[in-house]
Amino acid sequence: MLITYYEQSLINVMFKILELKRTERLSIAQIQNLQAKRFRKLLRHVLQCSRFYKSYYNQHGINIENIDSISVTDLPPISKQMMMDHYDDFVCDRSLKRTNIEEFLSGSAKPKEKYRNSYTVIHTSGSCGTISLFVYGPEDWAVIKALVVARVVNSVPRVTRKVKFAFIGATDGHYAGVSLASDVPEPLARFLPLSINSPLEIIDHKSNAFYPDVLSGYSSGIYLLAQEQLKGNVAIRPERIICTSDPLTHEMRHTIKQAFGGEPINFYAASESLSMAAQCERREDLHMFTDWHIFEAVDDEFRPVAAGSPGNLLLTNLYNYTQPLIRYQMHDEVVINQQPCGCKLPFPIMRNVAGRQEEFLWFDTADGKRDYLHPIVLVELFVAGLKKFQVIQTQRNEMLMKVMVEGNQAAVLAAIRRRMQEIFSGKKLDTTVKLNLEVVQDIPNDPITGKYKLIIPLKD
Ligand SMILES: [Zn+2]
């Protein structure tokens with residue numbers, strides 16, 4: 001208990017921040033050594049503590065005896081499906097059980113609330129539609145917080161008052177963005193969650209009243225706020241703007257700069273690791289935090305692509321000892337460049353090519369306006385028993401959800417309806433949008449792109 005208390009303390013995060021700052025002064029070769037050392041330590045840990053990894057790696061001839069001759073590329077990749085199918089064997093903490101965690105999630109809407117007072121639980125359906133869980137122990141979570149403070153937020157604490165920190169995104173559940181943002185240390189900062197799923201006038205009003213120093217959140221949410229500011233509905237001057245989750249396009253970047261005066265910082269984070277890379281001060285590319293991750297860009301057969309060419313991202317998260325991800329298939333396309341950036345940071349640079357491709361769904365509201373359902377609300381939807389889904393807008397005010405469910409079908413369908421109704425009513429769409437549910441056995445990928453389409457908007 002005492003250990004948990006220290007791990008969750010601000011002092012632990014502070015020490016980690018100092019260590020991260022020291023790492024930034026290392027050479028490229030020193031960082032590679034640090035990465036290799038951390039990789040071997042994690043590999044030893046999973047072979048000892050995860051039944052899934054042990055048996056999976058043993059099948060590929062990898063065991064604790066030959067561990068020193070193994071490099072990351074010798075290991076077979078893992079998928080989200082494998083992880084979720086073997087969840088209880090996958091995690092390194094034997095006390096964690098998928099059913100219990102899902103039960104906790106069903107009853108807890110507060111993103112700050114920890115599972116058994118110590119574990120941070122994140123859920124997502126991601127862009128591939130399969131519902132998944134990511135659990136971080138207190139020590140893992142402290143690394144994330146330190147990474148974000150040291151390399152992303154970079155905000156100097158005020159002497160006279162707390163820093164005002166706002167986050168715009170999905171806020172009513174254990175989603176990655178809000179779980180992280182709402183965990184800002186209370187002695188240093190005040191926090192305002194802005195739900196992307198509330199009517200625009202409420203978002204405007206709350207932003208004006210709070211007047212944030214730091215504005216963070218989904219790129220599309222910050223872009224909406226920027227447009228509101230240009231229309232005269234919002235008047236704020238955040239000193240630091242941090243965009244994440246969905247792609248920050250040139251157009252969005254330009255509008256945000258025009259509205260708020262400052263350059264937005266692009267930040268790459270996902271449920272699989274909540275702090276992977278952040279934009280360089282001097283250019284639009286992102287510096288990958290290679291002291292705590294291994295990033296590989298590969299083709300469809302998991303062979304490395306040439307440096308500078310687009311590839312699928314395989315992620316190894318070196319700090320999560322609770323639910324370790326080693327060569328985990330992300331559904332992101334990236335370009336990794338090994339050339340030094342030219343600034344003083346020793347981390348290589350990357351560009352996120354496609355990112356999420358979901359689109360906004362527009363409907364008529366009860367008072368005759370048009371309003372959107374944000375794709376992230378669907379990307380991060382969680383209902384216990386809902387395994388996989390796809391949303392298709394079939395009419396101007398009608399949508400079809402194809403769902404794959406497990407357990408008591410009637411109860412799961414009722415829970416999906418309840419959750420969707422809550423989401424619709426947040427946007428005053430509950431009386432206008434008709435929701436149809438169809439239970440299916442399989443949802444195939446798009447035959448043309450080969451990729452999974454979570455959302456299919458209405459074609460005009
Ligand atoms: Zn740089």
# chains A, B, ... in the order shown; residues from 1 in each chain; ligands from 1
call {"tool": "closest_atom_pairs", "arguments": {"of": "chain A", "to": "ligand 1", "cutoff": "7 Å", "atoms": "only C-alpha atoms and all ligand atoms", "output": "JSON lines"}}
result
{"residue": "A:Cys280", "atom": "CA", "partner": "ligand 1", "partner_atom_place_in_ligand_line": "1 (Zn)", "distance": 4.3}
{"residue": "A:Glu281", "atom": "CA", "partner": "ligand 1", "partner_atom_place_in_ligand_line": "1 (Zn)", "distance": 6.3}
{"residue": "A:Arg282", "atom": "CA", "partner": "ligand 1", "partner_atom_place_in_ligand_line": "1 (Zn)", "distance": 5.9}
{"residue": "A:Arg283", "atom": "CA", "partner": "ligand 1", "partner_atom_place_in_ligand_line": "1 (Zn)", "distance": 6.7}
{"residue": "A:His287", "atom": "CA", "partner": "ligand 1", "partner_atom_place_in_ligand_line": "1 (Zn)", "distance": 6.5}
{"residue": "A:Cys341", "atom": "CA", "partner": "ligand 1", "partner_atom_place_in_ligand_line": "1 (Zn)", "distance": 4.7}
{"residue": "A:Gly342", "atom": "CA", "partner": "ligand 1", "partner_atom_place_in_ligand_line": "1 (Zn)", "distance": 6.0}
{"residue": "A:Cys343", "atom": "CA", "partner": "ligand 1", "partner_atom_place_in_ligand_line": "1 (Zn)", "distance": 4.3}
{"residue": "A:Lys344", "atom": "CA", "partner": "ligand 1", "partner_atom_place_in_ligand_line": "1 (Zn)", "distance": 6.7}
{"residue": "A:Leu345", "atom": "CA", "partner": "ligand 1", "partner_atom_place_in_ligand_line": "1 (Zn)", "distance": 5.9}
call {"tool": "write_last_selection", "arguments": {"atoms": "N, CA, C and O atoms", "output": "JSON list (two decimals), in the first residue's frame"}}
result
[["chain", "number", "residue", "atom", "x", "y", "z"],
["A", 280, "CYS", "N", 8.08, 18.71, -32.90],
["A", 280, "CYS", "CA", 9.30, 19.47, -32.68],
["A", 280, "CYS", "C", 8.96, 20.96, -32.66],
["A", 280, "CYS", "O", 8.02, 21.40, -33.31],
["A", 281, "GLU", "N", 9.74, 21.72, -31.91],
["A", 281, "GLU", "CA", 9.49, 23.17, -31.84],
["A", 281, "GLU", "C", 9.77, 23.84, -33.20],
["A", 281, "GLU", "O", 9.29, 24.93, -33.47],
["A", 282, "ARG", "N", 10.58, 23.17, -34.03],
["A", 282, "ARG", "CA", 11.04, 23.84, -35.24],
["A", 282, "ARG", "C", 10.36, 23.40, -36.52],
["A", 282, "ARG", "O", 10.52, 24.01, -37.55],
["A", 283, "ARG", "N", 9.64, 22.27, -36.48],
["A", 283, "ARG", "CA", 9.02, 21.77, -37.70],
["A", 283, "ARG", "C", 7.77, 20.99, -37.36],
["A", 283, "ARG", "O", 7.45, 20.81, -36.19],
["A", 287, "HIS", "N", 8.72, 14.17, -32.76],
["A", 287, "HIS", "CA", 9.83, 13.43, -32.18],
["A", 287, "HIS", "C", 9.28, 12.24, -31.42],
["A", 287, "HIS", "O", 8.44, 12.39, -30.53],
["A", 341, "CYS", "N", 17.11, 15.50, -36.72],
["A", 341, "CYS", "CA", 16.17, 16.57, -37.04],
["A", 341, "CYS", "C", 16.86, 17.90, -37.27],
["A", 341, "CYS", "O", 16.44, 18.71, -38.09],
["A", 342, "GLY", "N", 17.95, 18.12, -36.52],
["A", 342, "GLY", "CA", 18.61, 19.43, -36.63],
["A", 342, "GLY", "C", 18.39, 20.27, -35.39],
["A", 342, "GLY", "O", 19.11, 21.23, -35.15],
["A", 343, "CYS", "N", 17.39, 19.90, -34.58],
["A", 343, "CYS", "CA", 17.21, 20.60, -33.31],
["A", 343, "CYS", "C", 18.03, 19.85, -32.25],
["A", 343, "CYS", "O", 18.72, 18.90, -32.56],
["A", 344, "LYS", "N", 17.91, 20.25, -30.98],
["A", 344, "LYS", "CA", 18.80, 19.62, -30.00],
["A", 344, "LYS", "C", 18.27, 18.30, -29.43],
["A", 344, "LYS", "O", 18.99, 17.60, -28.72],
["A", 345, "LEU", "N", 17.05, 17.91, -29.78],
["A", 345, "LEU", "CA", 16.52, 16.65, -29.24],
["A", 345, "LEU", "C", 17.15, 15.43, -29.94],
["A", 345, "LEU", "O", 17.29, 15.42, -31.16]]
call {"tool": "closest_atom_pairs", "arguments": {"of": "segment 140-182 of chain A", "to": "segment 421-443 of chain A", "cutoff": "12 Å", "atoms": "only C-alpha atoms", "output": "Markdown table"}}
result
| residue | atom | partner | partner_atom | distance |
| --- | --- | --- | --- | --- |
| A:Ala170 | CA | A:Ile423 | CA | 10.3 |
| A:Thr171 | CA | A:Ile423 | CA | 11.4 |
| A:Asp172 | CA | A:Ile423 | CA | 9.7 |
| A:Gly173 | CA | A:Ile423 | CA | 11.6 |
call {"tool": "closest_residue", "arguments": {"among": "A:Arg161, A:Lys231, A:Arg351, A:Lys80", "to": "Leu248 of chain A", "atoms": "only C-alpha atoms"}}
result
A:Arg351
call {"tool": "atom_distance", "arguments": {"atom1": "atom CA of Arg40 of chain A", "atom2": "atom CA of Val72 of chain A"}}
result
9.0 Å
call {"tool": "residues_around", "arguments": {"residues": "Asn337 of chain A", "least_positions_apart": "4", "cutoff": "8 Å", "atoms": "only C-alpha atoms", "output": "list in words"}}
result
Ala307, Gly308, Pro348, Ile349 and Met350 of chain A
call {"tool": "write_last_selection", "arguments": {"atoms": "C-alpha atoms", "output": "mmCIF file, in the first residue's frame"}}
result
data_model
loop_
_atom_site.group_PDB
_atom_site.id
_atom_site.type_symbol
_atom_site.label_atom_id
_atom_site.label_comp_id
_atom_site.auth_asym_id
_atom_site.auth_seq_id
_atom_site.Cartn_x
_atom_site.Cartn_y
_atom_site.Cartn_z
ATOM 1 C CA ALA A 307 13.367 4.613 -43.879
ATOM 2 C CA GLY A 308 11.247 7.487 -45.139
ATOM 3 C CA PRO A 348 14.207 10.449 -34.410
ATOM 4 C CA ILE A 349 11.222 11.960 -36.205
ATOM 5 C CA MET A 350 8.027 10.518 -37.661
#
